[in-house]
file target-v7.txt (compact mmCIF, C-alpha atoms)
# COMPACT_ATOMS: atom_id res chain seq x y z
CA MET J 215 239.08 -180.35 -1.45
CA SER J 216 238.90 -177.19 -3.56
CA SER J 217 238.20 -179.24 -6.69
CA ALA J 218 235.23 -180.88 -4.92
CA PHE J 219 233.56 -177.48 -4.54
CA LYS J 220 234.28 -176.59 -8.16
CA ALA J 221 232.88 -179.96 -9.24
CA ILE J 222 229.56 -179.47 -7.43
CA ALA J 223 229.18 -175.86 -8.65
CA ALA J 224 227.63 -177.18 -11.89
CA GLU J 225 223.99 -178.25 -11.64
CA PRO J 226 224.30 -181.25 -14.02
CA ARG J 227 227.14 -182.65 -11.89
CA ARG J 228 225.05 -182.32 -8.72
CA ARG J 229 222.26 -184.17 -10.52
CA ILE J 230 224.66 -186.92 -11.65
CA LEU J 231 225.77 -187.42 -8.03
CA ASN J 232 222.14 -187.49 -6.99
CA HIS J 233 221.42 -190.30 -9.48
CA LEU J 234 224.52 -192.22 -8.37
CA ALA J 235 223.28 -192.07 -4.78
CA GLY J 236 220.82 -194.75 -5.90
CA GLY J 237 223.63 -197.10 -6.96
CA PRO J 238 226.40 -197.52 -9.58
CA MET J 239 225.53 -196.70 -13.21
CA THR J 240 227.08 -196.72 -16.69
CA VAL J 241 227.48 -193.48 -18.70
CA GLY J 242 224.60 -194.61 -20.91
CA GLU J 243 222.31 -195.16 -17.92
CA ILE J 244 223.19 -191.72 -16.55
CA ALA J 245 222.76 -190.04 -19.97
CA ALA J 246 219.27 -191.60 -20.26
CA LYS J 247 218.23 -189.49 -17.25
CA PHE J 248 219.32 -186.24 -18.90
CA GLU J 249 218.56 -184.21 -21.98
CA ILE J 250 222.30 -183.82 -22.52
CA ALA J 251 224.47 -185.68 -25.06
CA THR J 252 226.50 -188.62 -23.73
CA PRO J 253 229.90 -186.94 -24.46
CA SER J 254 228.87 -184.04 -22.19
CA ILE J 255 227.93 -186.49 -19.45
CA SER J 256 231.34 -188.15 -19.90
CA LYS J 257 233.04 -184.78 -19.44
CA HIS J 258 231.05 -184.09 -16.27
CA LEU J 259 231.99 -187.55 -14.98
CA SER J 260 235.69 -186.79 -15.66
CA VAL J 261 235.46 -183.63 -13.57
CA LEU J 262 233.75 -185.54 -10.75
CA LYS J 263 236.40 -188.28 -10.98
CA GLU J 264 239.27 -185.74 -10.91
CA ALA J 265 237.68 -184.19 -7.82
CA GLY J 266 237.56 -187.61 -6.16
CA LEU J 267 233.75 -187.62 -6.00
CA VAL J 268 233.13 -190.66 -8.20
CA HIS J 269 234.90 -193.98 -8.72
CA GLU J 270 235.30 -195.55 -12.17
CA GLN J 271 235.44 -199.31 -12.64
CA LYS J 272 235.71 -201.35 -15.85
CA ARG J 273 233.40 -204.34 -16.05
CA GLY J 274 233.76 -206.11 -19.37
CA GLN J 275 232.90 -203.62 -22.10
CA PHE J 276 231.20 -201.23 -19.66
CA VAL J 277 232.56 -198.60 -17.32
CA ILE J 278 230.61 -198.38 -14.10
CA TYR J 279 230.51 -195.15 -12.09
CA SER J 280 229.79 -195.05 -8.39
CA ILE J 281 229.73 -192.22 -5.90
CA ALA J 282 232.68 -191.63 -3.55
CA ALA J 283 230.26 -190.50 -0.88
CA ASP J 284 232.88 -190.28 1.88
CA ASN J 285 235.00 -187.77 -0.01
CA LEU J 286 231.93 -185.68 -0.75
CA THR J 287 230.57 -185.69 2.79
CA ASN J 288 234.00 -185.14 4.40
CA ALA J 289 234.59 -182.04 2.25
CA LEU J 290 231.14 -180.59 2.99
CA TYR J 291 231.02 -181.34 6.72
CA GLY J 292 234.52 -179.87 7.05
CA PHE J 293 233.33 -176.70 5.33
CA LEU J 294 230.08 -176.53 7.34
CA SER J 295 231.81 -177.05 10.71
CA PRO J 296 232.42 -173.35 11.53
CA PHE J 297 228.77 -172.49 10.80
CA CYS J 298 226.88 -175.41 12.27
CA PRO J 299 227.44 -177.29 15.55
CA GLN J 300 225.72 -180.41 14.13
CA ALA J 301 228.16 -180.53 11.20
CA ARG J 302 231.07 -180.03 13.61
CA LYS J 303 229.92 -183.03 15.65
CA ILE J 304 229.56 -185.19 12.52
CA ALA J 305 232.98 -184.09 11.20
CA VAL J 306 234.64 -185.07 14.50
CA GLN J 307 232.83 -188.45 14.55
CA ARG J 308 233.90 -189.15 10.96
CA LYS J 309 237.52 -188.23 11.70
CA ARG J 310 237.52 -190.67 14.64
CA THR J 311 236.06 -193.44 12.47
CA ARG J 312 238.74 -192.84 9.81
CA LYS J 313 241.51 -193.00 12.42
CA GLY J 314 240.01 -196.19 13.86
CA LYS J 315 240.13 -197.94 10.45
CA MET A 225 220.19 -172.70 -4.42
CA SER A 226 222.29 -173.11 -7.57
CA SER A 227 223.94 -169.74 -6.99
CA ALA A 228 224.94 -170.85 -3.47
CA PHE A 229 227.01 -173.68 -4.96
CA LYS A 230 228.59 -171.34 -7.50
CA ALA A 231 229.35 -168.86 -4.73
CA ILE A 232 231.20 -171.40 -2.60
CA ALA A 233 233.13 -172.81 -5.57
CA ALA A 234 235.73 -170.03 -5.15
CA GLU A 235 238.23 -170.56 -2.34
CA PRO A 236 238.40 -166.86 -1.27
CA ARG A 237 234.61 -166.83 -0.82
CA ARG A 238 234.73 -169.96 1.34
CA ARG A 239 237.43 -168.24 3.42
CA ILE A 240 235.30 -165.06 3.75
CA LEU A 241 232.39 -167.14 5.05
CA ASN A 242 234.76 -168.88 7.44
CA HIS A 243 235.87 -165.50 8.85
CA LEU A 244 232.26 -164.30 9.12
CA ALA A 245 231.43 -167.42 11.15
CA GLY A 246 233.27 -165.61 13.96
CA GLY A 247 230.91 -162.62 13.79
CA PRO A 248 229.94 -159.66 11.57
CA MET A 249 232.77 -157.70 9.90
CA THR A 250 233.33 -154.68 7.64
CA VAL A 251 234.95 -155.05 4.19
CA GLY A 252 238.13 -153.53 5.63
CA GLU A 253 238.26 -156.04 8.46
CA ILE A 254 237.76 -158.90 6.03
CA ALA A 255 240.36 -157.51 3.58
CA ALA A 256 242.89 -157.30 6.42
CA LYS A 257 242.74 -161.10 6.68
CA PHE A 258 243.62 -161.57 2.99
CA GLU A 259 246.41 -160.73 0.59
CA ILE A 260 243.77 -159.55 -1.89
CA ALA A 261 242.85 -155.93 -2.68
CA THR A 262 239.70 -154.54 -1.01
CA PRO A 263 237.81 -154.11 -4.34
CA SER A 264 238.23 -157.85 -5.00
CA ILE A 265 236.89 -158.64 -1.54
CA SER A 266 233.92 -156.36 -2.28
CA LYS A 267 233.22 -158.29 -5.48
CA HIS A 268 233.36 -161.61 -3.65
CA LEU A 269 230.98 -160.19 -1.02
CA SER A 270 228.56 -159.14 -3.79
CA VAL A 271 228.51 -162.70 -5.16
CA LEU A 272 227.90 -164.07 -1.66
CA LYS A 273 225.13 -161.53 -1.11
CA GLU A 274 223.48 -162.35 -4.47
CA ALA A 275 223.56 -166.02 -3.50
CA GLY A 276 221.86 -165.19 -0.19
CA LEU A 277 224.84 -166.36 1.86
CA VAL A 278 225.66 -163.02 3.54
CA HIS A 279 223.60 -160.14 4.86
CA GLU A 280 224.67 -156.52 4.37
CA GLN A 281 223.75 -153.82 6.90
CA LYS A 282 224.65 -150.13 6.95
CA ARG A 283 225.80 -148.80 10.30
CA GLY A 284 226.76 -145.15 10.04
CA GLN A 285 229.56 -144.87 7.50
CA PHE A 286 230.31 -148.60 7.62
CA VAL A 287 228.73 -151.57 5.92
CA ILE A 288 228.68 -154.63 8.11
CA TYR A 289 228.59 -158.12 6.61
CA SER A 290 227.25 -161.12 8.45
CA ILE A 291 226.77 -164.71 7.44
CA ALA A 292 223.32 -165.99 6.42
CA ALA A 293 224.20 -169.34 7.99
CA ASP A 294 220.69 -170.82 7.59
CA ASN A 295 220.66 -170.36 3.82
CA LEU A 296 224.11 -171.93 3.57
CA THR A 297 223.34 -174.92 5.77
CA ASN A 298 219.88 -175.51 4.23
CA ALA A 299 221.38 -175.66 0.73
CA LEU A 300 224.17 -178.02 1.75
CA TYR A 301 222.11 -180.37 3.93
CA GLY A 302 219.53 -180.55 1.15
CA PHE A 303 222.25 -181.53 -1.30
CA LEU A 304 223.86 -184.03 1.12
CA SER A 305 220.56 -185.74 2.01
CA PRO A 306 220.65 -188.45 -0.70
CA PHE A 307 224.23 -189.43 0.25
CA CYS A 308 224.17 -189.26 4.02
CA PRO A 309 221.48 -190.39 6.50
CA GLN A 310 222.76 -187.91 9.11
CA ALA A 311 222.29 -184.98 6.71
CA ARG A 312 218.82 -186.29 5.81
CA LYS A 313 217.87 -186.27 9.50
CA ILE A 314 219.20 -182.74 9.99
CA ALA A 315 217.44 -181.50 6.82
CA VAL A 316 214.11 -182.89 8.07
CA GLN A 317 214.61 -181.34 11.52
CA ARG A 318 215.45 -177.96 9.98
CA LYS A 319 212.39 -178.08 7.72
CA ARG A 320 210.18 -178.78 10.76
CA THR A 321 211.74 -175.87 12.67
CA ARG A 322 211.14 -173.54 9.70
CA LYS A 323 207.50 -174.62 9.46
CA GLY A 324 207.08 -174.14 13.20
CA LYS A 325 208.34 -170.54 13.01
call {"tool": "encode", "arguments": {"input": "target-v7.txt", "output": "structure tokens"}}
result
Amino acid sequence: MSSAFKAIAAEPRRRILNHLAGGPMTVGEIAAKFEIATPSISKHLSVLKEAGLVHEQKRGQFVIYSIAADNLTNALYGFLSPFCPQARKIAVQRKRTRKGK
Amino acid sequence: MSSAFKAIAAEPRRRILNHLAGGPMTVGEIAAKFEIATPSISKHLSVLKEAGLVHEQKRGQFVIYSIAADNLTNALYGFLSPFCPQARKIAVQRKRTRKGK
């Protein structure tokens, strides 16, 4: 969970996640949205992957990245729970859903 | 908002916020919960204050720290909105409440 917070500390990584919220993308497609070189985007994607916030999938010659939204939301609702009754409620609901799976 | 994410990237700062969720505390009271020297706690509190996540108030010879829960939750719900319909709903509600104030 700690690595999730480190991963979202960098603004470009939050923006990458924001783009991926719209659907899976290749590195090239993500890089086209930024004024940052593709190798830098790849590094940011590695950090997000290590933190469990994105999934990587090979499709032919391309690598497709998609957001691991559950890991992201679980980490943040868990953190928000002591400060916000609404987050606490959502965190409990999500825990129940996970147990029910 | 960016500084809020940097502030919560460090585990000790997330723990400080967690303690402050229980109510305002002095540096000494916070330090007593940690195996970290008081000057380090003070530095973490400065970062949290700079990021707008804690309030500082002098009371006699003591400085009391309290959590700026609204700033914390607004930043995180705003970030979560693209990934989670529940967060989007809460973010909209909170924006309305702020406008109504």
call {"tool": "residues_around", "arguments": {"input": "target-v7.txt", "residues": "Ala224 in chain J", "least_positions_apart": "6", "cutoff": "10 Å", "atoms": "only C-alpha atoms", "output": "list in words"}}
result
His258 of chain J; Ser226, Ser227, Phe229, Lys230 and Ala233 of chain A
call {"tool": "interface_residues", "arguments": {"input": "target-v7.txt", "of": "chain A", "to": "chain J", "cutoff": "8 Å", "atoms": "all atoms listed in the file", "output": "PyMOL selection string"}}
result
chain A and resi 226+229-230+232-235+238+242+245+293+297+300+303-304+306-308
call {"tool": "closest_residue", "arguments": {"input": "target-v7.txt", "among": "J:Ile230, J:Ile278, J:Ala289, J:Glu249", "to": "Val261 in chain J", "atoms": "only C-alpha atoms"}}
result
J:Ile230
call {"tool": "atom_distance", "arguments": {"input": "target-v7.txt", "atom1": "CA of Asn298 in chain A", "atom2": "CA of Gly324 in chain A"}}
result
15.7 Å
call {"tool": "atom_distance", "arguments": {"input": "target-v7.txt", "atom1": "CA of Thr311 in chain J", "atom2": "CA of Tyr279 in chain J"}}
result
25.2 Å
call {"tool": "atom_distance", "arguments": {"input": "target-v7.txt", "atom1": "CA of Val277 in chain J", "atom2": "CA of Ile250 in chain J"}}
result
18.7 Å
call {"tool": "closest_residue", "arguments": {"input": "target-v7.txt", "among": "J:Arg227, J:Arg273, J:Lys303, J:Lys313", "to": "Ser256 in chain J", "atoms": "only C-alpha atoms"}}
result
J:Arg227
call {"tool": "closest_residue", "arguments": {"input": "target-v7.txt", "among": "A:Leu269, A:Val316, A:Ala256, A:Met249", "to": "Pro236 in chain A", "atoms": "only C-alpha atoms"}}
result
A:Leu269
call {"tool": "residues_around", "arguments": {"input": "target-v7.txt", "residues": "Ser280 in chain J", "least_positions_apart": "5", "cutoff": "7 Å", "atoms": "only C-alpha atoms", "output": "mmCIF file with C-alpha atoms, in the coordinates of the input"}}
result
data_model
loop_
_atom_site.group_PDB
_atom_site.id
_atom_site.type_symbol
_atom_site.label_atom_id
_atom_site.label_comp_id
_atom_site.auth_asym_id
_atom_site.auth_seq_id
_atom_site.Cartn_x
_atom_site.Cartn_y
_atom_site.Cartn_z
ATOM 1 C CA LEU J 234 224.520 -192.220 -8.370
ATOM 2 C CA GLY J 237 223.630 -197.100 -6.960
ATOM 3 C CA PRO J 238 226.400 -197.520 -9.580
ATOM 4 C CA MET J 239 225.530 -196.700 -13.210
ATOM 5 C CA VAL J 268 233.130 -190.660 -8.200
ATOM 6 C CA HIS J 269 234.900 -193.980 -8.720
ATOM 7 C CA GLU J 270 235.300 -195.550 -12.170
#
call {"tool": "axis_aligned_box", "arguments": {"input": "target-v7.txt", "around": "range 282-291 of chain A", "padding_each_side": "6 Å", "output": "JSON"}}
result
{"center_x": 227.5, "center_y": -154.8, "center_z": 8.1, "size_x": 17.7, "size_y": 31.8, "size_z": 16.4}
call {"tool": "closest_residue", "arguments": {"input": "target-v7.txt", "among": "J:Ala265, J:Arg310, J:Phe276, J:Gln271", "to": "Gly242 in chain J", "atoms": "all atoms listed in the file"}}
result
J:Phe276
call {"tool": "decode", "arguments": {"input": "target-v7.txt", "residues": "range 235-258 of chain A", "atoms": "N, CA and C atoms", "output": "PDB file, in the first residue's frame"}}
result
ATOM      1  N   GLU A 235       5.150   7.492   4.824  1.00  0.00           N
ATOM      2  CA  GLU A 235       4.355   6.704   5.776  1.00  0.00           C
ATOM      3  C   GLU A 235       4.210   7.397   7.135  1.00  0.00           C
ATOM      4  N   PRO A 236       5.296   8.002   7.696  1.00  0.00           N
ATOM      5  CA  PRO A 236       5.119   8.664   9.006  1.00  0.00           C
ATOM      6  C   PRO A 236       4.084   9.794   8.947  1.00  0.00           C
ATOM      7  N   ARG A 237       4.018  10.497   7.803  1.00  0.00           N
ATOM      8  CA  ARG A 237       3.046  11.595   7.701  1.00  0.00           C
ATOM      9  C   ARG A 237       1.612  11.061   7.614  1.00  0.00           C
ATOM     10  N   ARG A 238       1.453   9.913   6.943  1.00  0.00           N
ATOM     11  CA  ARG A 238       0.102   9.318   6.918  1.00  0.00           C
ATOM     12  C   ARG A 238      -0.290   8.890   8.337  1.00  0.00           C
ATOM     13  N   ARG A 239       0.695   8.372   9.085  1.00  0.00           N
ATOM     14  CA  ARG A 239       0.399   7.955  10.470  1.00  0.00           C
ATOM     15  C   ARG A 239       0.068   9.161  11.347  1.00  0.00           C
ATOM     16  N   ILE A 240       0.777  10.275  11.162  1.00  0.00           N
ATOM     17  CA  ILE A 240       0.482  11.496  11.938  1.00  0.00           C
ATOM     18  C   ILE A 240      -0.960  11.927  11.679  1.00  0.00           C
ATOM     19  N   LEU A 241      -1.352  11.953  10.413  1.00  0.00           N
ATOM     20  CA  LEU A 241      -2.723  12.348  10.073  1.00  0.00           C
ATOM     21  C   LEU A 241      -3.726  11.399  10.726  1.00  0.00           C
ATOM     22  N   ASN A 242      -3.384  10.125  10.707  1.00  0.00           N
ATOM     23  CA  ASN A 242      -4.248   9.112  11.324  1.00  0.00           C
ATOM     24  C   ASN A 242      -4.439   9.401  12.821  1.00  0.00           C
ATOM     25  N   HIS A 243      -3.351   9.761  13.510  1.00  0.00           N
ATOM     26  CA  HIS A 243      -3.464  10.097  14.936  1.00  0.00           C
ATOM     27  C   HIS A 243      -4.309  11.355  15.124  1.00  0.00           C
ATOM     28  N   LEU A 244      -4.093  12.347  14.260  1.00  0.00           N
ATOM     29  CA  LEU A 244      -4.824  13.615  14.391  1.00  0.00           C
ATOM     30  C   LEU A 244      -6.317  13.456  14.081  1.00  0.00           C
ATOM     31  N   ALA A 245      -6.660  12.366  13.393  1.00  0.00           N
ATOM     32  CA  ALA A 245      -8.087  12.100  13.136  1.00  0.00           C
ATOM     33  C   ALA A 245      -8.834  11.944  14.461  1.00  0.00           C
ATOM     34  N   GLY A 246      -8.113  11.545  15.508  1.00  0.00           N
ATOM     35  CA  GLY A 246      -8.719  11.369  16.830  1.00  0.00           C
ATOM     36  C   GLY A 246      -8.910  12.678  17.589  1.00  0.00           C
ATOM     37  N   GLY A 247      -8.314  13.762  17.084  1.00  0.00           N
ATOM     38  CA  GLY A 247      -8.432  15.053  17.771  1.00  0.00           C
ATOM     39  C   GLY A 247      -7.106  15.784  17.764  1.00  0.00           C
ATOM     40  N   PRO A 248      -7.126  17.104  18.069  1.00  0.00           N
ATOM     41  CA  PRO A 248      -5.899  17.907  18.043  1.00  0.00           C
ATOM     42  C   PRO A 248      -4.858  17.402  19.049  1.00  0.00           C
ATOM     43  N   MET A 249      -3.586  17.571  18.717  1.00  0.00           N
ATOM     44  CA  MET A 249      -2.486  17.103  19.572  1.00  0.00           C
ATOM     45  C   MET A 249      -1.306  18.074  19.501  1.00  0.00           C
ATOM     46  N   THR A 250      -0.468  18.050  20.544  1.00  0.00           N
ATOM     47  CA  THR A 250       0.794  18.796  20.505  1.00  0.00           C
ATOM     48  C   THR A 250       1.864  17.928  19.831  1.00  0.00           C
ATOM     49  N   VAL A 251       3.007  18.550  19.480  1.00  0.00           N
ATOM     50  CA  VAL A 251       4.107  17.774  18.877  1.00  0.00           C
ATOM     51  C   VAL A 251       4.531  16.658  19.823  1.00  0.00           C
ATOM     52  N   GLY A 252       4.617  16.994  21.108  1.00  0.00           N
ATOM     53  CA  GLY A 252       5.053  16.005  22.107  1.00  0.00           C
ATOM     54  C   GLY A 252       4.117  14.811  22.167  1.00  0.00           C
ATOM     55  N   GLU A 253       2.827  15.086  22.119  1.00  0.00           N
ATOM     56  CA  GLU A 253       1.837  13.998  22.153  1.00  0.00           C
ATOM     57  C   GLU A 253       1.947  13.112  20.919  1.00  0.00           C
ATOM     58  N   ILE A 254       2.189  13.765  19.770  1.00  0.00           N
ATOM     59  CA  ILE A 254       2.347  12.986  18.532  1.00  0.00           C
ATOM     60  C   ILE A 254       3.630  12.159  18.618  1.00  0.00           C
ATOM     61  N   ALA A 255       4.733  12.807  19.034  1.00  0.00           N
ATOM     62  CA  ALA A 255       6.036  12.124  19.103  1.00  0.00           C
ATOM     63  C   ALA A 255       5.965  10.906  20.011  1.00  0.00           C
ATOM     64  N   ALA A 256       5.156  10.988  21.072  1.00  0.00           N
ATOM     65  CA  ALA A 256       5.038   9.877  22.018  1.00  0.00           C
ATOM     66  C   ALA A 256       4.462   8.621  21.363  1.00  0.00           C
ATOM     67  N   LYS A 257       3.805   8.796  20.232  1.00  0.00           N
ATOM     68  CA  LYS A 257       3.195   7.661  19.518  1.00  0.00           C
ATOM     69  C   LYS A 257       4.191   7.004  18.555  1.00  0.00           C
ATOM     70  N   PHE A 258       5.351   7.644  18.367  1.00  0.00           N
ATOM     71  CA  PHE A 258       6.314   7.197  17.362  1.00  0.00           C
ATOM     72  C   PHE A 258       7.650   6.836  17.989  1.00  0.00           C
TER      73      PHE A 258
END
